[in-house]
Amino acid sequence: MIVDERITDYMNSLVQELPPYLRELEKTALLEGIPIIRKETQTFLKVLISMKQPKRILEVGTAVGFSSLFMSEYMPEGCSITTIEKMPLRLEKAKKNFLEATVGEMVTLLEGDALIILGNLAKTEPFAFDFIFMDAAKAQYMNFLPEVMKLLPVGGVLITDNVLQDGTVAESRYSITRRDRTIHSRMREYLFALTHMEELETSIVPVGDGVTVSVKIK
């Protein structure tokens, strides 16, 4: 953990309960080892949505649909979510969860490779999403970024989850196991890009497993 476990437990003890269907989905996902946004990250995301009051949300990485459903509970009236996933098993579970939650047209699930879909969206709907949540394959974030920037208008917010990788991103490359060095290098590259782009103002927040909040300023 990147934050003291005792402090995290205390913070989470103060969080309001999720709606029953989300509590059950969270419990099932954790039991099955499916990665979903952590409790403290949920609270942070809820606050950011409440502040931004987005019109259209784009999520890169649906998994089983937990975060889409979570955001749909707190987004303003008239807002919609487009979410992208390519793993067949997760797609089937997400479809089932969306159907049971009766989200209707509020959530649109796009199936396929995120890089291809982002490129297509950038051509057909440039600057269309004023709130983008990245929570997909971490090693692909740098590849996604140019297309994401084409979809984000000035004033838009980009949130990226799991950027500190349990704190290992701050370690030397040579202290990382060989199998993890590629993702370690790519995440450091992504964080450097976010914090040095003229178009963005970015803060790295040690919440959950690390979250970046970027605002497009030009």
# chains A, B, ... in the order shown; residues from 1 in each chain; ligands from 1
>>> residues_around(residues="A:Thr8", least_positions_apart="4", cutoff="12 Å", atoms="only C-alpha atoms", output="VMD selection string")
chain A and resid 1 to 4 12 to 15 38 to 41 206 to 209
>>> residues_around(residues="stretch 90-103 of chain A", least_positions_apart="6", cutoff="9 Å", atoms="only C-alpha atoms", output="list in words")
Tyr21, Leu25, Thr62, Ala63, Val64, Gly65, Phe66, Ser68, Leu69, Ser72, Leu109 and Glu111 of chain A
>>> write_last_selection(atoms="N, CA and C atoms", output="PDB file, in the first residue's frame")
ATOM      1  N   TYR A  21     -26.999  -2.838  -4.779  1.00  0.00           N
ATOM      2  CA  TYR A  21     -26.560  -3.611  -5.940  1.00  0.00           C
ATOM      3  C   TYR A  21     -25.065  -3.415  -6.198  1.00  0.00           C
ATOM      4  N   LEU A  25     -22.043  -6.205  -6.110  1.00  0.00           N
ATOM      5  CA  LEU A  25     -21.122  -6.315  -7.245  1.00  0.00           C
ATOM      6  C   LEU A  25     -19.679  -6.168  -6.787  1.00  0.00           C
ATOM      7  N   THR A  62     -13.580  -1.204 -18.913  1.00  0.00           N
ATOM      8  CA  THR A  62     -14.857  -1.438 -18.241  1.00  0.00           C
ATOM      9  C   THR A  62     -14.761  -2.473 -17.137  1.00  0.00           C
ATOM     10  N   ALA A  63     -13.944  -3.506 -17.370  1.00  0.00           N
ATOM     11  CA  ALA A  63     -13.917  -4.703 -16.516  1.00  0.00           C
ATOM     12  C   ALA A  63     -15.339  -5.249 -16.436  1.00  0.00           C
ATOM     13  N   VAL A  64     -15.891  -5.384 -15.227  1.00  0.00           N
ATOM     14  CA  VAL A  64     -17.243  -5.932 -15.099  1.00  0.00           C
ATOM     15  C   VAL A  64     -18.303  -4.848 -14.970  1.00  0.00           C
ATOM     16  N   GLY A  65     -17.896  -3.597 -15.163  1.00  0.00           N
ATOM     17  CA  GLY A  65     -18.864  -2.505 -15.171  1.00  0.00           C
ATOM     18  C   GLY A  65     -19.049  -1.787 -13.854  1.00  0.00           C
ATOM     19  N   PHE A  66     -18.274  -2.153 -12.832  1.00  0.00           N
ATOM     20  CA  PHE A  66     -18.479  -1.547 -11.514  1.00  0.00           C
ATOM     21  C   PHE A  66     -18.293  -0.036 -11.544  1.00  0.00           C
ATOM     22  N   SER A  68     -18.322   2.104 -14.038  1.00  0.00           N
ATOM     23  CA  SER A  68     -19.347   2.790 -14.844  1.00  0.00           C
ATOM     24  C   SER A  68     -20.632   2.953 -14.041  1.00  0.00           C
ATOM     25  N   LEU A  69     -21.041   1.866 -13.393  1.00  0.00           N
ATOM     26  CA  LEU A  69     -22.260   1.921 -12.596  1.00  0.00           C
ATOM     27  C   LEU A  69     -22.089   2.860 -11.408  1.00  0.00           C
ATOM     28  N   SER A  72     -22.340   6.353 -12.692  1.00  0.00           N
ATOM     29  CA  SER A  72     -23.713   6.671 -13.101  1.00  0.00           C
ATOM     30  C   SER A  72     -24.587   7.068 -11.913  1.00  0.00           C
ATOM     31  N   LEU A 109     -21.645   0.577 -23.992  1.00  0.00           N
ATOM     32  CA  LEU A 109     -20.480  -0.294 -23.933  1.00  0.00           C
ATOM     33  C   LEU A 109     -19.949  -0.541 -25.337  1.00  0.00           C
ATOM     34  N   GLU A 111     -17.205  -2.520 -27.603  1.00  0.00           N
ATOM     35  CA  GLU A 111     -16.418  -3.749 -27.519  1.00  0.00           C
ATOM     36  C   GLU A 111     -15.258  -3.727 -28.516  1.00  0.00           C
TER      37      GLU A 111
END
>>> residues_around(residues="A:Thr160", least_positions_apart="6", cutoff="9 Å", atoms="only C-alpha atoms", output="PDB file with all heavy atoms, in the first residue's frame")
ATOM      1  N   ILE A 132     -12.740  11.970 -18.564  1.00  0.00           N
ATOM      2  CA  ILE A 132     -12.230  10.686 -19.046  1.00  0.00           C
ATOM      3  C   ILE A 132     -11.555   9.956 -17.892  1.00  0.00           C
ATOM      4  O   ILE A 132     -10.712  10.523 -17.186  1.00  0.00           O
ATOM      5  CB  ILE A 132     -11.243  10.881 -20.216  1.00  0.00           C
ATOM      6  CG1 ILE A 132     -11.955  11.575 -21.398  1.00  0.00           C
ATOM      7  CG2 ILE A 132     -10.661   9.534 -20.656  1.00  0.00           C
ATOM      8  CD1 ILE A 132     -11.063  11.843 -22.596  1.00  0.00           C
ATOM      9  N   PHE A 133     -11.946   8.696 -17.725  1.00  0.00           N
ATOM     10  CA  PHE A 133     -11.401   7.864 -16.653  1.00  0.00           C
ATOM     11  C   PHE A 133     -10.632   6.707 -17.278  1.00  0.00           C
ATOM     12  O   PHE A 133     -11.206   5.866 -17.963  1.00  0.00           O
ATOM     13  CB  PHE A 133     -12.522   7.340 -15.765  1.00  0.00           C
ATOM     14  CG  PHE A 133     -12.061   6.482 -14.611  1.00  0.00           C
ATOM     15  CD1 PHE A 133     -11.077   6.927 -13.746  1.00  0.00           C
ATOM     16  CD2 PHE A 133     -12.621   5.230 -14.390  1.00  0.00           C
ATOM     17  CE1 PHE A 133     -10.642   6.143 -12.686  1.00  0.00           C
ATOM     18  CE2 PHE A 133     -12.202   4.435 -13.327  1.00  0.00           C
ATOM     19  CZ  PHE A 133     -11.214   4.899 -12.466  1.00  0.00           C
ATOM     20  N   MET A 134      -9.327   6.691 -17.056  1.00  0.00           N
ATOM     21  CA  MET A 134      -8.459   5.644 -17.618  1.00  0.00           C
ATOM     22  C   MET A 134      -8.167   4.605 -16.554  1.00  0.00           C
ATOM     23  O   MET A 134      -7.588   4.921 -15.499  1.00  0.00           O
ATOM     24  CB  MET A 134      -7.141   6.267 -18.092  1.00  0.00           C
ATOM     25  CG  MET A 134      -7.295   7.109 -19.333  1.00  0.00           C
ATOM     26  SD  MET A 134      -6.560   6.325 -20.769  1.00  0.00           S
ATOM     27  CE  MET A 134      -4.855   6.713 -20.494  1.00  0.00           C
ATOM     28  N   ASP A 135      -8.560   3.369 -16.834  1.00  0.00           N
ATOM     29  CA  ASP A 135      -8.323   2.279 -15.888  1.00  0.00           C
ATOM     30  C   ASP A 135      -8.245   0.973 -16.669  1.00  0.00           C
ATOM     31  O   ASP A 135      -8.965   0.017 -16.389  1.00  0.00           O
ATOM     32  CB  ASP A 135      -9.451   2.230 -14.852  1.00  0.00           C
ATOM     33  CG  ASP A 135      -9.148   1.295 -13.700  1.00  0.00           C
ATOM     34  OD1 ASP A 135      -7.964   0.962 -13.499  1.00  0.00           O
ATOM     35  OD2 ASP A 135     -10.087   0.887 -13.000  1.00  0.00           O
ATOM     36  N   TYR A 141      -1.026   2.957 -21.557  1.00  0.00           N
ATOM     37  CA  TYR A 141      -1.444   4.340 -21.292  1.00  0.00           C
ATOM     38  C   TYR A 141      -0.767   5.351 -22.220  1.00  0.00           C
ATOM     39  O   TYR A 141      -1.402   6.283 -22.704  1.00  0.00           O
ATOM     40  CB  TYR A 141      -1.165   4.714 -19.834  1.00  0.00           C
ATOM     41  CG  TYR A 141      -2.186   4.190 -18.840  1.00  0.00           C
ATOM     42  CD1 TYR A 141      -2.021   4.399 -17.483  1.00  0.00           C
ATOM     43  CD2 TYR A 141      -3.307   3.473 -19.255  1.00  0.00           C
ATOM     44  CE1 TYR A 141      -2.949   3.926 -16.559  1.00  0.00           C
ATOM     45  CE2 TYR A 141      -4.225   2.991 -18.347  1.00  0.00           C
ATOM     46  CZ  TYR A 141      -4.045   3.228 -16.994  1.00  0.00           C
ATOM     47  OH  TYR A 141      -4.958   2.762 -16.082  1.00  0.00           O
ATOM     48  N   GLY A 210      -2.813   5.200  -6.254  1.00  0.00           N
ATOM     49  CA  GLY A 210      -2.279   6.351  -6.971  1.00  0.00           C
ATOM     50  C   GLY A 210      -3.183   6.776  -8.101  1.00  0.00           C
ATOM     51  O   GLY A 210      -3.553   5.956  -8.952  1.00  0.00           O
ATOM     52  N   VAL A 211      -3.565   8.046  -8.104  1.00  0.00           N
ATOM     53  CA  VAL A 211      -4.470   8.594  -9.120  1.00  0.00           C
ATOM     54  C   VAL A 211      -3.871   9.894  -9.639  1.00  0.00           C
ATOM     55  O   VAL A 211      -3.370  10.702  -8.856  1.00  0.00           O
ATOM     56  CB  VAL A 211      -5.863   8.880  -8.529  1.00  0.00           C
ATOM     57  CG1 VAL A 211      -6.781   9.511  -9.569  1.00  0.00           C
ATOM     58  CG2 VAL A 211      -6.496   7.618  -7.969  1.00  0.00           C
ATOM     59  N   THR A 212      -3.898  10.101 -10.944  1.00  0.00           N
ATOM     60  CA  THR A 212      -3.558  11.409 -11.489  1.00  0.00           C
ATOM     61  C   THR A 212      -4.821  12.143 -11.870  1.00  0.00           C
ATOM     62  O   THR A 212      -5.769  11.538 -12.382  1.00  0.00           O
ATOM     63  CB  THR A 212      -2.630  11.318 -12.715  1.00  0.00           C
ATOM     64  OG1 THR A 212      -3.253  10.509 -13.718  1.00  0.00           O
ATOM     65  CG2 THR A 212      -1.272  10.776 -12.352  1.00  0.00           C
ATOM     66  N   VAL A 213      -4.823  13.433 -11.611  1.00  0.00           N
ATOM     67  CA  VAL A 213      -5.913  14.309 -12.035  1.00  0.00           C
ATOM     68  C   VAL A 213      -5.299  15.352 -12.956  1.00  0.00           C
ATOM     69  O   VAL A 213      -4.433  16.125 -12.534  1.00  0.00           O
ATOM     70  CB  VAL A 213      -6.589  15.001 -10.831  1.00  0.00           C
ATOM     71  CG1 VAL A 213      -7.736  15.871 -11.314  1.00  0.00           C
ATOM     72  CG2 VAL A 213      -7.090  13.972  -9.832  1.00  0.00           C
ATOM     73  N   SER A 214      -5.719  15.343 -14.204  1.00  0.00           N
ATOM     74  CA  SER A 214      -5.187  16.278 -15.203  1.00  0.00           C
ATOM     75  C   SER A 214      -6.323  17.124 -15.766  1.00  0.00           C
ATOM     76  O   SER A 214      -7.391  16.609 -16.082  1.00  0.00           O
ATOM     77  CB  SER A 214      -4.520  15.514 -16.358  1.00  0.00           C
ATOM     78  OG  SER A 214      -3.523  14.630 -15.890  1.00  0.00           O
TER      79      SER A 214
END
>>> residues_around(residues="A:Lys55", least_positions_apart="3", cutoff="7 Å", atoms="only C-alpha atoms", output="list in words")
Gly78, Cys79, Ser80 and Asp130 of chain A
>>> select_by_dssp(residues="stretch 45-161 of chain A", states="strand (DSSP E)", output="list in words")
Arg56, Ile57, Leu58, Glu59, Val60, Ser80, Ile81, Thr82, Thr83, Ile84, Glu85, Val107, Thr108, Leu109, Leu110, Glu111, Phe131, Ile132, Phe133, Met134, Val157, Leu158, Ile159, Thr160 and Asp161 of chain A
>>> write_last_selection(atoms="N, CA, C and O atoms", output="JSON list (two decimals), in the first residue's frame")
[["chain", "number", "residue", "atom", "x", "y", "z"],
["A", 56, "ARG", "N", -20.43, 14.40, -20.68],
["A", 56, "ARG", "CA", -20.17, 13.08, -21.25],
["A", 56, "ARG", "C", -18.91, 12.50, -20.62],
["A", 56, "ARG", "O", -17.87, 13.16, -20.58],
["A", 57, "ILE", "N", -19.01, 11.27, -20.16],
["A", 57, "ILE", "CA", -17.89, 10.58, -19.53],
["A", 57, "ILE", "C", -17.42, 9.46, -20.45],
["A", 57, "ILE", "O", -18.24, 8.73, -21.02],
["A", 58, "LEU", "N", -16.11, 9.33, -20.57],
["A", 58, "LEU", "CA", -15.51, 8.21, -21.30],
["A", 58, "LEU", "C", -14.67, 7.41, -20.32],
["A", 58, "LEU", "O", -13.83, 7.96, -19.60],
["A", 59, "GLU", "N", -14.90, 6.11, -20.29],
["A", 59, "GLU", "CA", -14.11, 5.21, -19.45],
["A", 59, "GLU", "C", -13.34, 4.25, -20.34],
["A", 59, "GLU", "O", -13.93, 3.59, -21.19],
["A", 60, "VAL", "N", -12.04, 4.18, -20.11],
["A", 60, "VAL", "CA", -11.20, 3.24, -20.86],
["A", 60, "VAL", "C", -10.87, 2.08, -19.91],
["A", 60, "VAL", "O", -10.04, 2.21, -19.02],
["A", 80, "SER", "N", -23.98, 11.10, -19.83],
["A", 80, "SER", "CA", -23.92, 9.72, -20.31],
["A", 80, "SER", "C", -22.49, 9.21, -20.20],
["A", 80, "SER", "O", -21.54, 10.00, -20.11],
["A", 81, "ILE", "N", -22.36, 7.89, -20.19],
["A", 81, "ILE", "CA", -21.05, 7.25, -20.08],
["A", 81, "ILE", "C", -20.84, 6.34, -21.28],
["A", 81, "ILE", "O", -21.72, 5.55, -21.64],
["A", 82, "THR", "N", -19.67, 6.46, -21.91],
["A", 82, "THR", "CA", -19.23, 5.51, -22.92],
["A", 82, "THR", "C", -18.04, 4.76, -22.34],
["A", 82, "THR", "O", -17.10, 5.38, -21.84],
["A", 83, "THR", "N", -18.08, 3.44, -22.36],
["A", 83, "THR", "CA", -17.03, 2.65, -21.73],
["A", 83, "THR", "C", -16.52, 1.58, -22.69],
["A", 83, "THR", "O", -17.28, 1.05, -23.51],
["A", 84, "ILE", "N", -15.22, 1.29, -22.62],
["A", 84, "ILE", "CA", -14.55, 0.42, -23.60],
["A", 84, "ILE", "C", -13.94, -0.79, -22.91],
["A", 84, "ILE", "O", -13.25, -0.66, -21.89],
["A", 85, "GLU", "N", -14.18, -1.96, -23.49],
["A", 85, "GLU", "CA", -13.59, -3.20, -22.96],
["A", 85, "GLU", "C", -13.41, -4.19, -24.11],
["A", 85, "GLU", "O", -14.22, -4.22, -25.04],
["A", 107, "VAL", "N", -25.48, 4.35, -20.24],
["A", 107, "VAL", "CA", -24.17, 3.71, -20.40],
["A", 107, "VAL", "C", -24.11, 2.99, -21.74],
["A", 107, "VAL", "O", -24.97, 2.16, -22.04],
["A", 108, "THR", "N", -23.09, 3.33, -22.53],
["A", 108, "THR", "CA", -22.86, 2.67, -23.82],
["A", 108, "THR", "C", -21.57, 1.87, -23.74],
["A", 108, "THR", "O", -20.51, 2.44, -23.43],
["A", 109, "LEU", "N", -21.65, 0.58, -23.99],
["A", 109, "LEU", "CA", -20.48, -0.29, -23.93],
["A", 109, "LEU", "C", -19.95, -0.54, -25.34],
["A", 109, "LEU", "O", -20.66, -1.06, -26.20],
["A", 110, "LEU", "N", -18.69, -0.16, -25.57],
["A", 110, "LEU", "CA", -18.04, -0.38, -26.85],
["A", 110, "LEU", "C", -17.07, -1.56, -26.72],
["A", 110, "LEU", "O", -16.22, -1.57, -25.81],
["A", 111, "GLU", "N", -17.21, -2.52, -27.60],
["A", 111, "GLU", "CA", -16.42, -3.75, -27.52],
["A", 111, "GLU", "C", -15.26, -3.73, -28.52],
["A", 111, "GLU", "O", -15.46, -3.48, -29.70],
["A", 131, "PHE", "N", -14.95, 14.40, -19.34],
["A", 131, "PHE", "CA", -14.45, 13.67, -18.17],
["A", 131, "PHE", "C", -14.04, 12.28, -18.65],
["A", 131, "PHE", "O", -14.87, 11.51, -19.14],
["A", 132, "ILE", "N", -12.74, 11.97, -18.56],
["A", 132, "ILE", "CA", -12.23, 10.69, -19.05],
["A", 132, "ILE", "C", -11.55, 9.96, -17.89],
["A", 132, "ILE", "O", -10.71, 10.52, -17.19],
["A", 133, "PHE", "N", -11.95, 8.70, -17.72],
["A", 133, "PHE", "CA", -11.40, 7.86, -16.65],
["A", 133, "PHE", "C", -10.63, 6.71, -17.28],
["A", 133, "PHE", "O", -11.21, 5.87, -17.96],
["A", 134, "MET", "N", -9.33, 6.69, -17.06],
["A", 134, "MET", "CA", -8.46, 5.64, -17.62],
["A", 134, "MET", "C", -8.17, 4.60, -16.55],
["A", 134, "MET", "O", -7.59, 4.92, -15.50],
["A", 157, "VAL", "N", -11.37, 17.01, -17.89],
["A", 157, "VAL", "CA", -10.61, 16.36, -16.82],
["A", 157, "VAL", "C", -10.27, 14.93, -17.22],
["A", 157, "VAL", "O", -11.14, 14.18, -17.67],
["A", 158, "LEU", "N", -9.01, 14.56, -17.06],
["A", 158, "LEU", "CA", -8.54, 13.19, -17.29],
["A", 158, "LEU", "C", -8.09, 12.60, -15.96],
["A", 158, "LEU", "O", -7.20, 13.14, -15.29],
["A", 159, "ILE", "N", -8.73, 11.50, -15.57],
["A", 159, "ILE", "CA", -8.37, 10.78, -14.35],
["A", 159, "ILE", "C", -7.73, 9.46, -14.74],
["A", 159, "ILE", "O", -8.27, 8.72, -15.56],
["A", 160, "THR", "N", -6.58, 9.15, -14.16],
["A", 160, "THR", "CA", -5.91, 7.88, -14.43],
["A", 160, "THR", "C", -5.69, 7.15, -13.12],
["A", 160, "THR", "O", -5.13, 7.72, -12.17],
["A", 161, "ASP", "N", -6.11, 5.88, -13.06],
["A", 161, "ASP", "CA", -6.02, 5.11, -11.83],
["A", 161, "ASP", "C", -4.81, 4.18, -11.83],
["A", 161, "ASP", "O", -4.27, 3.84, -12.87]]
>>> closest_residue(among="A:Glu147, A:Glu24, A:Glu125, A:Glu73", to="A:Ile49", atoms="only C-alpha atoms")
A:Glu73
>>> atom_distance(atom1="atom CA of A:Glu17", atom2="atom CA of A:Leu48")
18.1 Å
>>> atom_distance(atom1="atom CA of A:Thr195", atom2="atom CA of A:Leu118")
21.8 Å
